[in-house]
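All remarks here apply to the structure that follows.
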Amino acid sequence: MSRLMAARRRVDLNPVRAGMTDTPEASEHTSIRERITPRFDLAQSVREQMRMDALLRLDGPVKPLLPFEGAFAEREQPGIPFAFEDYLALVDYTGRAIDPRKKGAIANTLPPILQRLGLTPDQWLAQSTQFEALYRQQRRRSVAG
């Protein structure tokens with residue numbers, strides 16, 4: 001699991017390291033941003049790809065992002081066995097480390113990520129544990145609007 005988390009962290013920090021944005025949540029193309037403010041409609045994208053014959057078929061349900069599920073449980077976990085709040089803190093901490101081979105880093109003068117998002121720990125817990133329901137709600141609004 002640590003290799004998966006290292007890869008995820010690296011991808012979420014790429015825009016910061018490239019100097020394209022100051023924080024991962026401000027980037028247009030990170031899973032952190034998509035989890036915080038869901039915008040991408042994967043089902044619609046798959047339908048468009050199939051209509052253009054770019055994708056012949058897709059067997060199985062279309063799910064945008066695996067949920068973070070927290071610590072290991074005594075059951076099979078279909079999601080990521082890591083708390084999302086911990087992942088955000090890990091990305092934020094790593095993003096502040098200066099790498100002389102990279103253009104950017106998260107400024108040490110910025111507050112921690114949850115404060116930047118304007119969320120209390122209780123609000124974040126509610127949002128992160130209800131991610132799929134919130135995502136479905138946002139998708140319904142974007143389709144109706």
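Lettering and numbering for the structure tokens are positional, with chains as A, B, ... in the shown order, residues counted from 1 in each chain, and ligands counted from 1 in the shown order.
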
- request: Please identify all polymer residues within 12 Å of region 99-113 of chain A, counting only C-alpha atoms, omitting same-chain residues fewer than 5 positions from it, and present them as an NGL selection string.
  value: :A and (13-26 or 32-33 or 36 or 84-94 or 118-121 or 124)

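Computed from the coordinates, the CA of Arg35 (chain A) to CA of Arg51 (chain A) distance equals 27.3 Å.
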
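Interatomic distance, CA of Leu125 (chain A) against CA of Ser31 (chain A): 17.7 Å.
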